[in-house]
file final.csv (CSV, C-alpha atoms)
chain,number,residue,atom,x,y,z
A,1,MET,CA,-42.8,131.2,-24.8
A,2,THR,CA,-43.9,129.0,-21.8
A,3,ALA,CA,-41.1,128.1,-19.4
A,4,PRO,CA,-40.4,124.4,-18.9
A,5,ALA,CA,-42.1,122.7,-16.1
A,6,VAL,CA,-39.7,122.0,-13.2
A,7,ALA,CA,-40.3,119.7,-10.2
A,8,VAL,CA,-38.0,120.4,-7.2
A,9,LEU,CA,-37.4,117.4,-5.0
A,10,LEU,CA,-36.6,117.6,-1.4
A,11,VAL,CA,-35.9,114.4,0.6
A,12,THR,CA,-35.9,115.0,4.4
A,13,PHE,CA,-34.9,113.0,7.4
A,14,ASP,CA,-35.1,114.7,10.8
A,15,GLY,CA,-34.5,118.0,9.0
A,16,THR,CA,-37.2,120.4,9.9
A,17,ARG,CA,-34.7,122.9,11.3
A,18,HIS,CA,-33.5,123.5,7.8
A,19,LEU,CA,-36.9,124.0,6.1
A,20,GLU,CA,-37.4,127.7,6.9
A,21,ARG,CA,-34.3,128.9,5.1
A,22,LEU,CA,-34.6,126.4,2.2
A,23,TRP,CA,-38.3,127.2,1.6
A,24,ALA,CA,-37.7,130.9,1.7
A,25,SER,CA,-34.9,130.5,-0.9
A,26,LEU,CA,-37.2,128.5,-3.2
A,27,CYS,CA,-40.0,131.1,-2.9
A,28,ALA,CA,-37.5,133.8,-3.9
A,29,GLN,CA,-36.7,132.1,-7.2
A,30,ARG,CA,-36.9,134.2,-10.3
A,31,TYR,CA,-38.7,131.6,-12.2
A,32,PRO,CA,-42.5,131.6,-13.1
A,33,ALA,CA,-44.2,130.4,-9.9
A,34,GLU,CA,-46.8,128.5,-11.9
A,35,ARG,CA,-44.1,126.5,-13.8
A,36,TRP,CA,-42.3,124.9,-10.8
A,37,ARG,CA,-43.6,122.8,-7.9
A,38,LEU,CA,-42.0,121.2,-4.8
A,39,ILE,CA,-42.3,117.6,-4.0
A,40,VAL,CA,-41.2,116.6,-0.5
A,41,VAL,CA,-40.4,113.0,0.5
A,42,GLU,CA,-40.2,112.6,4.2
A,43,ASN,CA,-38.2,109.5,5.3
A,44,GLY,CA,-39.2,108.1,8.6
A,45,PRO,CA,-42.7,107.9,10.2
A,46,GLU,CA,-42.9,111.1,12.2
A,47,ARG,CA,-44.4,113.4,9.4
A,48,ARG,CA,-42.9,116.5,10.9
A,49,ALA,CA,-41.9,117.9,7.6
A,50,ALA,CA,-45.2,117.0,6.1
A,51,ARG,CA,-47.0,118.9,8.9
A,52,TRP,CA,-44.6,121.9,8.5
A,53,PHE,CA,-45.5,122.3,4.8
A,54,SER,CA,-49.2,121.6,5.3
A,55,GLU,CA,-49.3,124.6,7.7
A,56,ARG,CA,-47.3,127.0,5.6
A,57,ALA,CA,-47.5,125.8,2.0
A,58,PRO,CA,-50.5,123.4,1.6
A,59,ASP,CA,-49.9,123.2,-2.2
A,60,VAL,CA,-46.6,121.4,-1.7
A,61,GLN,CA,-47.0,117.7,-2.3
A,62,ALA,CA,-45.6,115.6,0.6
A,63,LEU,CA,-44.9,111.9,0.2
A,64,VAL,CA,-44.4,109.9,3.4
A,65,PRO,CA,-43.2,106.3,2.6
A,66,GLY,CA,-43.5,105.4,6.2
A,67,GLY,CA,-39.9,104.1,6.6
A,68,ASN,CA,-36.5,105.3,5.8
A,69,THR,CA,-35.9,104.7,2.1
A,70,GLY,CA,-32.6,106.6,2.2
A,71,TYR,CA,-31.6,109.5,0.0
A,72,ALA,CA,-31.6,107.3,-3.1
A,73,GLY,CA,-34.9,105.7,-2.5
A,74,GLY,CA,-36.6,108.9,-1.5
A,75,ASN,CA,-35.4,110.8,-4.6
A,76,ALA,CA,-36.3,107.8,-6.8
A,77,LEU,CA,-39.9,108.0,-5.4
A,78,GLY,CA,-40.0,111.7,-6.0
A,79,MET,CA,-38.5,111.5,-9.5
A,80,GLN,CA,-41.1,108.9,-10.5
A,81,GLN,CA,-43.9,111.2,-9.2
A,82,ALA,CA,-42.4,114.2,-11.1
A,83,LEU,CA,-42.1,112.2,-14.3
A,84,ALA,CA,-45.7,110.9,-14.0
A,85,ALA,CA,-46.9,114.5,-13.5
A,86,GLY,CA,-45.2,115.6,-16.8
A,87,ALA,CA,-42.2,117.6,-15.5
A,88,ASP,CA,-39.6,118.7,-18.1
A,89,TYR,CA,-36.9,118.9,-15.5
A,90,VAL,CA,-36.3,117.5,-12.1
A,91,VAL,CA,-34.2,119.4,-9.6
A,92,VAL,CA,-33.0,117.7,-6.5
A,93,VAL,CA,-31.8,119.6,-3.4
A,94,THR,CA,-30.7,118.3,0.0
A,95,GLN,CA,-32.3,119.7,3.2
A,96,ASP,CA,-29.2,121.5,4.3
A,97,THR,CA,-28.9,123.8,1.2
A,98,HIS,CA,-30.4,127.1,0.3
A,99,LEU,CA,-30.5,128.6,-3.2
A,100,GLU,CA,-29.7,132.0,-4.6
A,101,PRO,CA,-32.6,133.5,-6.5
A,102,ASP,CA,-31.4,132.7,-10.1
A,103,VAL,CA,-30.7,129.0,-9.5
A,104,LEU,CA,-33.8,127.6,-11.3
A,105,PRO,CA,-33.6,129.9,-14.4
A,106,ALA,CA,-29.8,129.5,-14.7
A,107,LEU,CA,-30.0,125.7,-14.5
A,108,VAL,CA,-32.9,125.6,-17.0
A,109,ASP,CA,-31.1,128.1,-19.4
A,110,VAL,CA,-28.0,125.8,-19.6
A,111,ALA,CA,-30.1,122.7,-20.1
A,112,GLU,CA,-32.2,124.4,-22.8
A,113,ALA,CA,-29.1,125.6,-24.6
A,114,HIS,CA,-27.5,122.1,-24.5
A,115,PRO,CA,-30.1,119.5,-25.5
A,116,ALA,CA,-27.6,116.6,-24.9
A,117,ALA,CA,-27.2,117.6,-21.2
A,118,GLY,CA,-28.9,115.0,-19.1
A,119,ALA,CA,-27.7,116.6,-15.9
A,120,VAL,CA,-26.7,120.2,-14.9
A,121,GLN,CA,-25.1,121.0,-11.6
A,122,PRO,CA,-25.0,124.5,-9.9
A,123,LYS,CA,-21.9,125.9,-8.3
A,124,LEU,CA,-22.0,124.7,-4.7
A,125,LEU,CA,-20.5,126.9,-2.0
A,126,ARG,CA,-19.9,126.2,1.7
A,127,ARG,CA,-18.6,128.2,4.6
A,128,GLU,CA,-15.3,127.6,6.3
A,129,PRO,CA,-15.1,127.6,10.2
A,130,ASP,CA,-13.5,131.1,10.0
A,131,GLY,CA,-16.4,132.4,8.0
A,132,ARG,CA,-14.9,132.4,4.5
A,133,VAL,CA,-17.2,131.2,1.7
A,134,VAL,CA,-15.4,128.8,-0.6
A,135,ILE,CA,-16.3,126.4,-3.4
A,136,HIS,CA,-17.7,123.1,-2.3
A,137,SER,CA,-18.2,121.6,-5.7
A,138,ARG,CA,-17.6,123.0,-9.2
A,139,GLY,CA,-18.6,119.6,-10.6
A,140,ASN,CA,-18.0,116.3,-8.9
A,141,ALA,CA,-15.0,114.2,-9.8
A,142,LEU,CA,-14.8,110.4,-10.2
A,143,HIS,CA,-11.7,108.4,-9.5
A,144,TYR,CA,-11.2,105.4,-11.8
A,145,LEU,CA,-11.5,103.2,-8.8
A,146,GLY,CA,-15.0,104.4,-8.3
A,147,VAL,CA,-14.5,107.0,-5.6
A,148,GLY,CA,-16.6,110.0,-6.2
A,149,PHE,CA,-15.8,113.3,-4.5
A,150,VAL,CA,-16.6,117.0,-4.7
A,151,GLY,CA,-14.4,118.8,-7.3
A,152,GLY,CA,-12.6,122.0,-6.2
A,153,ASP,CA,-13.6,121.9,-2.6
A,154,GLY,CA,-12.0,124.6,-0.5
A,155,GLU,CA,-11.0,126.7,-3.5
A,156,PRO,CA,-11.7,130.4,-3.5
A,157,ASP,CA,-15.1,131.3,-5.0
A,158,ARG,CA,-14.7,132.8,-8.4
A,159,ALA,CA,-16.4,133.2,-11.8
A,160,LEU,CA,-16.5,130.0,-13.8
A,161,ASP,CA,-17.7,128.9,-17.3
A,162,VAL,CA,-20.2,126.4,-18.3
A,163,ARG,CA,-18.2,123.2,-18.9
A,164,PRO,CA,-18.5,119.4,-18.9
A,165,ILE,CA,-18.1,117.7,-15.5
A,166,ALA,CA,-17.7,114.0,-14.6
A,167,TYR,CA,-21.1,114.0,-12.8
A,168,ALA,CA,-23.5,116.2,-10.9
A,169,SER,CA,-23.5,116.3,-7.2
A,170,GLY,CA,-26.6,114.9,-5.5
A,171,ALA,CA,-26.5,117.8,-3.1
A,172,ALA,CA,-28.1,119.9,-5.9
A,173,ALA,CA,-28.6,119.0,-9.5
A,174,LEU,CA,-31.0,119.4,-12.4
A,175,TYR,CA,-31.9,116.3,-14.4
A,176,ARG,CA,-33.7,116.3,-17.8
A,177,ALA,CA,-36.9,114.3,-17.6
A,178,ALA,CA,-36.2,112.6,-21.0
A,179,ALA,CA,-32.8,111.5,-19.7
A,180,LEU,CA,-34.3,110.0,-16.5
A,181,ARG,CA,-36.9,108.2,-18.6
A,182,ALA,CA,-34.1,106.7,-20.7
A,183,VAL,CA,-31.7,105.6,-18.0
A,184,GLY,CA,-33.8,105.5,-14.8
A,185,THR,CA,-33.8,107.4,-11.6
A,186,PHE,CA,-31.5,107.1,-8.6
A,187,ASP,CA,-31.2,103.4,-7.7
A,188,PRO,CA,-33.1,102.8,-4.5
A,189,ALA,CA,-31.0,99.8,-3.6
A,190,LEU,CA,-28.0,102.1,-3.0
A,191,PHE,CA,-29.9,103.7,-0.1
A,192,MET,CA,-27.4,106.6,0.2
A,193,TYR,CA,-24.0,107.7,-1.2
A,194,HIS,CA,-22.7,107.3,-4.7
A,195,GLU,CA,-26.3,107.3,-6.0
A,196,ASP,CA,-25.4,110.5,-7.8
A,197,SER,CA,-22.2,109.0,-9.4
A,198,ASP,CA,-24.2,105.9,-10.4
A,199,LEU,CA,-26.8,108.0,-12.2
A,200,GLY,CA,-24.2,110.3,-13.7
A,201,TRP,CA,-22.2,107.4,-15.0
A,202,ARG,CA,-25.3,105.8,-16.5
A,203,LEU,CA,-26.2,109.1,-18.2
A,204,ARG,CA,-22.8,109.4,-19.8
A,205,LEU,CA,-22.8,105.7,-21.0
A,206,ALA,CA,-26.2,106.3,-22.6
A,207,GLY,CA,-24.9,109.3,-24.5
A,208,TRP,CA,-25.9,112.2,-22.3
A,209,ASP,CA,-23.6,114.9,-21.0
A,210,CYS,CA,-23.2,116.4,-17.6
A,211,LEU,CA,-22.5,120.2,-17.3
A,212,LEU,CA,-21.7,122.8,-14.7
A,213,ALA,CA,-24.0,125.9,-14.6
A,214,PRO,CA,-21.9,128.4,-12.6
A,215,ALA,CA,-24.5,131.2,-12.7
A,216,ALA,CA,-26.7,128.9,-10.5
A,217,VAL,CA,-25.3,129.2,-6.9
A,218,VAL,CA,-26.4,126.9,-4.1
A,219,HIS,CA,-25.0,127.1,-0.5
A,220,HIS,CA,-24.5,123.9,1.3
A,221,ASP,CA,-24.3,123.8,5.0
A,222,TYR,CA,-21.7,121.1,5.1
A,223,ASP,CA,-18.9,120.7,7.6
A,224,PHE,CA,-16.3,117.9,7.0
A,225,ALA,CA,-15.2,118.1,10.6
A,226,ARG,CA,-18.7,117.2,11.8
A,227,PRO,CA,-18.8,113.7,13.3
A,228,ALA,CA,-20.2,111.3,10.7
A,229,TRP,CA,-22.7,108.5,11.1
A,230,ARG,CA,-20.4,105.4,11.1
A,231,ARG,CA,-22.8,103.4,8.9
A,232,LYS,CA,-22.1,106.0,6.2
A,233,TRP,CA,-18.8,104.3,5.4
A,234,TYR,CA,-20.5,101.0,4.7
A,235,TYR,CA,-22.6,102.6,2.0
A,236,VAL,CA,-19.8,104.6,0.6
A,237,GLU,CA,-17.5,101.6,0.0
A,238,ARG,CA,-20.3,99.1,-0.9
A,239,ASN,CA,-21.8,101.5,-3.5
A,240,ARG,CA,-18.4,102.4,-4.9
A,241,LEU,CA,-17.8,98.7,-5.7
A,242,ILE,CA,-21.3,98.2,-7.0
A,243,ASN,CA,-20.8,101.0,-9.5
A,244,VAL,CA,-17.4,99.7,-10.6
A,245,LEU,CA,-18.6,96.1,-11.0
A,246,THR,CA,-21.7,97.1,-13.0
A,247,HIS,CA,-20.6,100.1,-15.1
A,248,TYR,CA,-17.2,99.1,-16.7
A,249,ARG,CA,-16.9,96.7,-19.5
A,250,ALA,CA,-15.4,93.3,-18.5
A,251,ALA,CA,-12.2,94.1,-20.3
A,252,THR,CA,-11.8,97.3,-18.4
A,253,LEU,CA,-12.4,95.5,-15.1
A,254,ALA,CA,-9.7,93.1,-16.0
A,255,LEU,CA,-7.2,95.9,-16.6
A,256,LEU,CA,-8.2,97.6,-13.4
A,257,ALA,CA,-8.2,94.5,-11.3
A,258,PRO,CA,-4.6,94.9,-9.9
A,259,ALA,CA,-5.3,98.5,-8.8
A,260,LEU,CA,-8.7,97.5,-7.3
A,261,LEU,CA,-7.1,94.7,-5.4
A,262,ALA,CA,-4.2,96.8,-4.2
A,263,PHE,CA,-6.7,99.4,-3.0
A,264,GLU,CA,-8.4,97.0,-0.7
A,265,PRO,CA,-5.7,96.8,2.1
A,266,VAL,CA,-5.3,100.5,1.8
A,267,GLY,CA,-9.1,100.9,2.5
A,268,LEU,CA,-9.0,98.5,5.3
A,269,LEU,CA,-6.1,100.2,7.0
A,270,TYR,CA,-7.7,103.6,6.6
A,271,ALA,CA,-11.0,102.2,8.1
A,272,ALA,CA,-9.1,100.7,11.0
A,273,ARG,CA,-7.4,104.0,11.8
A,274,ARG,CA,-10.6,105.9,11.6
A,275,GLY,CA,-12.6,103.5,13.7
A,276,TRP,CA,-15.0,102.0,11.2
A,277,LEU,CA,-13.3,98.7,10.3
A,278,GLY,CA,-16.5,96.8,11.2
A,279,GLU,CA,-18.5,98.8,8.6
A,280,ARG,CA,-15.7,98.2,6.0
A,281,LEU,CA,-15.7,94.4,6.7
A,282,ALA,CA,-19.5,94.4,6.4
A,283,VAL,CA,-19.1,95.3,2.7
A,284,TYR,CA,-17.6,91.9,2.1
A,285,GLY,CA,-20.6,90.3,3.8
A,286,PHE,CA,-22.8,92.1,1.3
A,287,PHE,CA,-20.9,90.7,-1.7
A,288,ALA,CA,-20.9,87.2,-0.2
A,289,ARG,CA,-24.7,86.9,-0.3
A,290,PRO,CA,-26.4,85.2,-3.3
A,291,ALA,CA,-29.1,87.8,-3.3
A,292,SER,CA,-26.4,90.4,-3.9
A,293,TRP,CA,-25.0,88.4,-6.8
A,294,ARG,CA,-28.5,88.4,-8.4
A,295,TYR,CA,-28.8,92.2,-7.9
A,296,LEU,CA,-25.4,92.8,-9.4
A,297,ALA,CA,-26.2,90.6,-12.4
A,298,ARG,CA,-29.5,92.4,-13.0
A,299,LYS,CA,-28.0,95.8,-12.6
A,300,ARG,CA,-25.0,95.1,-14.8
A,301,ARG,CA,-27.3,93.8,-17.6
A,302,ALA,CA,-29.4,96.9,-17.4
A,303,VAL,CA,-26.5,99.4,-17.3
A,304,GLN,CA,-24.6,97.7,-20.2
A,305,ALA,CA,-27.8,97.7,-22.3
A,306,LEU,CA,-27.8,101.6,-22.0
A,307,ARG,CA,-24.4,101.9,-23.8
A,308,ARG,CA,-24.0,104.4,-26.5
A,309,ARG,CA,-20.5,105.3,-25.5
A,310,ARG,CA,-17.3,103.3,-25.0
A,311,ASP,CA,-15.3,103.2,-21.9
A,312,ARG,CA,-12.6,105.0,-23.9
A,313,ASP,CA,-15.0,107.9,-24.1
A,314,LEU,CA,-15.2,108.1,-20.3
A,315,VAL,CA,-11.4,108.1,-19.7
A,316,PRO,CA,-11.1,111.9,-20.0
A,317,PHE,CA,-13.7,112.3,-17.2
A,318,LEU,CA,-11.9,109.9,-14.7
A,319,SER,CA,-9.5,111.1,-12.1
A,320,ALA,CA,-6.3,109.4,-11.1
A,321,ARG,CA,-5.7,111.3,-7.9
A,322,PHE,CA,-7.7,111.7,-4.7
A,323,ALA,CA,-7.8,115.5,-4.9
A,324,PHE,CA,-10.3,116.0,-2.0
A,325,GLY,CA,-9.3,117.8,1.2
A,326,PRO,CA,-10.2,115.4,4.0
A,327,VAL,CA,-8.8,112.4,2.1
A,328,ALA,CA,-5.8,114.0,0.5
A,329,THR,CA,-3.4,113.5,3.4
A,330,ALA,CA,0.3,113.6,3.0
A,331,ALA,CA,0.4,109.8,2.7
A,332,VAL,CA,-2.2,109.9,0.0
A,333,ARG,CA,-0.6,112.8,-1.9
A,334,PHE,CA,3.0,111.5,-1.8
A,335,ILE,CA,2.6,107.7,-1.8
A,336,LEU,CA,-0.8,106.5,-2.9
A,337,ASP,CA,-1.6,109.1,-5.6
A,338,PRO,CA,1.7,108.7,-7.5
A,339,VAL,CA,1.4,104.9,-7.5
A,340,PHE,CA,-2.2,104.8,-8.7
A,341,ALA,CA,-1.7,107.7,-11.1
A,342,ALA,CA,1.2,105.9,-12.7
A,343,TYR,CA,-0.8,102.7,-13.1
A,344,TRP,CA,-3.7,104.7,-14.7
A,345,SER,CA,-1.3,106.5,-17.1
A,346,VAL,CA,-0.4,103.1,-18.5
A,347,VAL,CA,-3.7,101.2,-18.5
A,348,SER,CA,-5.9,104.1,-19.6
A,349,ARG,CA,-4.1,104.1,-23.0
A,350,LEU,CA,-5.0,100.4,-23.4
A,351,ILE,CA,-8.7,101.1,-23.0
A,352,VAL,CA,-9.7,101.3,-26.7
A,353,TRP,CA,-13.2,99.7,-26.4
call {"tool": "encode", "arguments": {"input": "final.csv", "output": "structure tokens"}}
result
Amino acid sequence: MTAPAVAVLLVTFDGTRHLERLWASLCAQRYPAERWRLIVVENGPERRAARWFSERAPDVQALVPGGNTGYAGGNALGMQQALAAGADYVVVVTQDTHLEPDVLPALVDVAEAHPAAGAVQPKLLRREPDGRVVIHSRGNALHYLGVGFVGGDGEPDRALDVRPIAYASGAAALYRAAALRAVGTFDPALFMYHEDSDLGWRLRLAGWDCLLAPAAVVHHDYDFARPAWRRKWYYVERNRLINVLTHYRAATLALLAPALLAFEPVGLLYAARRGWLGERLAVYGFFARPASWRYLARKRRAVQALRRRRDRDLVPFLSARFAFGPVATAAVRFILDPVFAAYWSVVSRLIVW
């Protein structure tokens, strides 16, 4: 039996220092070499990654848009290329990951065994500063206010079972080509952050499932203590609100409105204390523009047209607590979480549509 065709997508931005290890881990995959191919999308004009692959692996397809299309836009371009070439599955990986040898076969095996799975995530691991290897994500979690975060980060590595998850992390995930054709790719307008929760949410609304494939293990060179690009917080908050406003039914939005409004001053205070209040205020500028209203209206119509499931069906996959290390401070755990969890315990029972 011929193995399914897999397109692996790598979006790079100033990331040539990661390529040696990532490419070596891809070459070591225990998957028929003739049934998978790598598509590289290099954001920015420098073409360093394109040259790197042309010298070492000329069969790799490198796309250079010329500007920075963001992680969302770069993957959308690569996904479209993969679909046009007839891939059965599309696997996205970030430039700071490397894969254990059974990742591709393990992901494909789970997808083939579960035809309703539109997305399958590997177990993601990271290294602590003291050298310990811990779980980075055993399936991403989605708070009912739209905040997406890695599930189980910092937990000891251990054996896990195949199971449903809220959505697959954009750090590494397999997407079924048929599902992408049905619901679309990453939304290029999001640029970066929450593009994975947007796609996972759309998949679930359209009737597809998201699963964890724990036998597939990907290592992510991620350090939460590393200084972050300040503009990141603009995209994180803007895209969270875009997803909330376009994915829920109007009645659900009405029920959640008090919590969403109460969360705004909390977010502003957090931003002010962390030094990115300007980026947080810029989010309001985005939503004040007529062009943004038109984009939101178009996206909402498109997302709602995908519906095969009720919001009620999504309730079990939504979190009421910010169970994520860097965010779960004492104030969050003992003040915010109890308040927002109590509100959710009431309104979630009213979501019957």
call {"tool": "residues_around", "arguments": {"input": "final.csv", "residues": "Val11 in chain A", "least_positions_apart": "5", "cutoff": "8 Å", "atoms": "only C-alpha atoms", "output": "JSON, numbers by chain"}}
result
{"A": [40, 41, 42, 43, 71, 74, 75, 93, 94, 95]}
call {"tool": "closest_atom_pairs", "arguments": {"input": "final.csv", "of": "range 213-281 of chain A", "to": "range 170-175 of chain A", "cutoff": "12 Å", "atoms": "all atoms listed in the file", "output": "JSON lines"}}
result
{"residue": "A:Ala213", "atom": "CA", "partner": "A:Ala173", "partner_atom": "CA", "distance": 9.7}
{"residue": "A:Pro214", "atom": "CA", "partner": "A:Ala173", "partner_atom": "CA", "distance": 12.0}
{"residue": "A:Ala216", "atom": "CA", "partner": "A:Ala173", "partner_atom": "CA", "distance": 10.1}
{"residue": "A:Val217", "atom": "CA", "partner": "A:Ala172", "partner_atom": "CA", "distance": 9.8}
{"residue": "A:Val218", "atom": "CA", "partner": "A:Ala172", "partner_atom": "CA", "distance": 7.4}
{"residue": "A:His219", "atom": "CA", "partner": "A:Ala172", "partner_atom": "CA", "distance": 9.5}
{"residue": "A:His220", "atom": "CA", "partner": "A:Ala171", "partner_atom": "CA", "distance": 7.8}
{"residue": "A:Asp221", "atom": "CA", "partner": "A:Ala171", "partner_atom": "CA", "distance": 10.3}
{"residue": "A:Tyr222", "atom": "CA", "partner": "A:Ala171", "partner_atom": "CA", "distance": 10.1}
call {"tool": "closest_residue", "arguments": {"input": "final.csv", "among": "A:Arg231, A:Arg176, A:Arg289, A:Arg138", "to": "Met79 in chain A", "atoms": "only C-alpha atoms"}}
result
A:Arg176
call {"tool": "residues_around", "arguments": {"input": "final.csv", "residues": "Gln61 in chain A", "least_positions_apart": "5", "cutoff": "10 Å", "atoms": "only C-alpha atoms", "output": "ChimeraX atom specification"}}
result
/A:9,37-41,50,53-54,78,81
call {"tool": "residues_around", "arguments": {"input": "final.csv", "residues": "Tyr284 in chain A", "least_positions_apart": "4", "cutoff": "10 Å", "atoms": "all atoms listed in the file", "output": "PDB file with C-alpha atoms, in the frame of the given file"}}
result
ATOM      1  CA  TYR A 234     -20.500 101.000   4.700  1.00  0.00           C
ATOM      2  CA  GLU A 237     -17.500 101.600   0.000  1.00  0.00           C
ATOM      3  CA  ARG A 238     -20.300  99.100  -0.900  1.00  0.00           C
ATOM      4  CA  GLU A 279     -18.500  98.800   8.600  1.00  0.00           C
ATOM      5  CA  ARG A 280     -15.700  98.200   6.000  1.00  0.00           C
ATOM      6  CA  ALA A 288     -20.900  87.200  -0.200  1.00  0.00           C
ATOM      7  CA  ARG A 289     -24.700  86.900  -0.300  1.00  0.00           C
TER       8      ARG A 289
END
call {"tool": "closest_residue", "arguments": {"input": "final.csv", "among": "A:Ala62, A:Val236, A:Leu256, A:Leu26", "to": "Trp276 in chain A", "atoms": "only C-alpha atoms"}}
result
A:Val236
call {"tool": "atom_distance", "arguments": {"input": "final.csv", "atom1": "CA of Phe340 in chain A", "atom2": "CA of Leu296 in chain A"}}
result
26.1 Å
call {"tool": "closest_atom_pairs", "arguments": {"input": "final.csv", "of": "range 188-285 of chain A", "to": "range 108-120 of chain A", "cutoff": "8 Å", "atoms": "only C-alpha atoms", "output": "JSON lines"}}
result
{"residue": "A:Gly200", "atom": "CA", "partner": "A:Ala119", "partner_atom": "CA", "distance": 7.5}
{"residue": "A:Leu203", "atom": "CA", "partner": "A:Gly118", "partner_atom": "CA", "distance": 6.6}
{"residue": "A:Gly207", "atom": "CA", "partner": "A:Ala116", "partner_atom": "CA", "distance": 7.8}
{"residue": "A:Trp208", "atom": "CA", "partner": "A:Gly118", "partner_atom": "CA", "distance": 5.2}
{"residue": "A:Asp209", "atom": "CA", "partner": "A:Ala117", "partner_atom": "CA", "distance": 4.5}
{"residue": "A:Cys210", "atom": "CA", "partner": "A:Ala119", "partner_atom": "CA", "distance": 4.8}
{"residue": "A:Leu211", "atom": "CA", "partner": "A:Val120", "partner_atom": "CA", "distance": 4.8}
{"residue": "A:Leu212", "atom": "CA", "partner": "A:Val120", "partner_atom": "CA", "distance": 5.6}
{"residue": "A:Ala213", "atom": "CA", "partner": "A:Val120", "partner_atom": "CA", "distance": 6.3}
call {"tool": "atom_distance", "arguments": {"input": "final.csv", "atom1": "CA of Arg230 in chain A", "atom2": "CA of Gly275 in chain A"}}
result
8.4 Å
call {"tool": "closest_atom_pairs", "arguments": {"input": "final.csv", "of": "range 220-330 of chain A", "to": "range 344-353 of chain A", "cutoff": "10 Å", "atoms": "all atoms listed in the file", "output": "JSON lines"}}
result
{"residue": "A:Arg249", "atom": "CA", "partner": "A:Trp353", "partner_atom": "CA", "distance": 8.4}
{"residue": "A:Ala251", "atom": "CA", "partner": "A:Ile351", "partner_atom": "CA", "distance": 8.3}
{"residue": "A:Thr252", "atom": "CA", "partner": "A:Ile351", "partner_atom": "CA", "distance": 6.7}
{"residue": "A:Leu255", "atom": "CA", "partner": "A:Val347", "partner_atom": "CA", "distance": 6.6}
{"residue": "A:Leu256", "atom": "CA", "partner": "A:Val347", "partner_atom": "CA", "distance": 7.7}
{"residue": "A:Ala259", "atom": "CA", "partner": "A:Trp344", "partner_atom": "CA", "distance": 8.7}
{"residue": "A:Arg309", "atom": "CA", "partner": "A:Trp353", "partner_atom": "CA", "distance": 9.2}
{"residue": "A:Arg310", "atom": "CA", "partner": "A:Trp353", "partner_atom": "CA", "distance": 5.6}
{"residue": "A:Asp311", "atom": "CA", "partner": "A:Trp353", "partner_atom": "CA", "distance": 6.1}
{"residue": "A:Arg312", "atom": "CA", "partner": "A:Val352", "partner_atom": "CA", "distance": 5.5}
{"residue": "A:Asp313", "atom": "CA", "partner": "A:Trp353", "partner_atom": "CA", "distance": 8.7}
{"residue": "A:Leu314", "atom": "CA", "partner": "A:Ile351", "partner_atom": "CA", "distance": 9.9}
{"residue": "A:Val315", "atom": "CA", "partner": "A:Ser348", "partner_atom": "CA", "distance": 6.8}
{"residue": "A:Pro316", "atom": "CA", "partner": "A:Ser348", "partner_atom": "CA", "distance": 9.4}
{"residue": "A:Leu318", "atom": "CA", "partner": "A:Ser348", "partner_atom": "CA", "distance": 9.7}
{"residue": "A:Ser319", "atom": "CA", "partner": "A:Trp344", "partner_atom": "CA", "distance": 9.0}
{"residue": "A:Ala320", "atom": "CA", "partner": "A:Trp344", "partner_atom": "CA", "distance": 6.5}
{"residue": "A:Arg321", "atom": "CA", "partner": "A:Trp344", "partner_atom": "CA", "distance": 9.7}
call {"tool": "atom_distance", "arguments": {"input": "final.csv", "atom1": "CA of Trp36 in chain A", "atom2": "CA of Asn140 in chain A"}}
result
25.8 Å
call {"tool": "residues_near_point", "arguments": {"input": "final.csv", "point": "(-18.5, 102.5, -4.2)", "cutoff": "12 Å", "atoms": "only C-alpha atoms", "output": "JSON list (two decimals) with C-alpha atoms, in the coordinates of the input"}}
result
[["chain", "number", "residue", "atom", "x", "y", "z"],
["A", 142, "LEU", "CA", -14.80, 110.40, -10.20],
["A", 143, "HIS", "CA", -11.70, 108.40, -9.50],
["A", 144, "TYR", "CA", -11.20, 105.40, -11.80],
["A", 145, "LEU", "CA", -11.50, 103.20, -8.80],
["A", 146, "GLY", "CA", -15.00, 104.40, -8.30],
["A", 147, "VAL", "CA", -14.50, 107.00, -5.60],
["A", 148, "GLY", "CA", -16.60, 110.00, -6.20],
["A", 149, "PHE", "CA", -15.80, 113.30, -4.50],
["A", 190, "LEU", "CA", -28.00, 102.10, -3.00],
["A", 192, "MET", "CA", -27.40, 106.60, 0.20],
["A", 193, "TYR", "CA", -24.00, 107.70, -1.20],
["A", 194, "HIS", "CA", -22.70, 107.30, -4.70],
["A", 195, "GLU", "CA", -26.30, 107.30, -6.00],
["A", 196, "ASP", "CA", -25.40, 110.50, -7.80],
["A", 197, "SER", "CA", -22.20, 109.00, -9.40],
["A", 198, "ASP", "CA", -24.20, 105.90, -10.40],
["A", 232, "LYS", "CA", -22.10, 106.00, 6.20],
["A", 233, "TRP", "CA", -18.80, 104.30, 5.40],
["A", 234, "TYR", "CA", -20.50, 101.00, 4.70],
["A", 235, "TYR", "CA", -22.60, 102.60, 2.00],
["A", 236, "VAL", "CA", -19.80, 104.60, 0.60],
["A", 237, "GLU", "CA", -17.50, 101.60, 0.00],
["A", 238, "ARG", "CA", -20.30, 99.10, -0.90],
["A", 239, "ASN", "CA", -21.80, 101.50, -3.50],
["A", 240, "ARG", "CA", -18.40, 102.40, -4.90],
["A", 241, "LEU", "CA", -17.80, 98.70, -5.70],
["A", 242, "ILE", "CA", -21.30, 98.20, -7.00],
["A", 243, "ASN", "CA", -20.80, 101.00, -9.50],
["A", 244, "VAL", "CA", -17.40, 99.70, -10.60],
["A", 245, "LEU", "CA", -18.60, 96.10, -11.00],
["A", 246, "THR", "CA", -21.70, 97.10, -13.00],
["A", 247, "HIS", "CA", -20.60, 100.10, -15.10],
["A", 260, "LEU", "CA", -8.70, 97.50, -7.30],
["A", 267, "GLY", "CA", -9.10, 100.90, 2.50],
["A", 280, "ARG", "CA", -15.70, 98.20, 6.00],
["A", 283, "VAL", "CA", -19.10, 95.30, 2.70]]
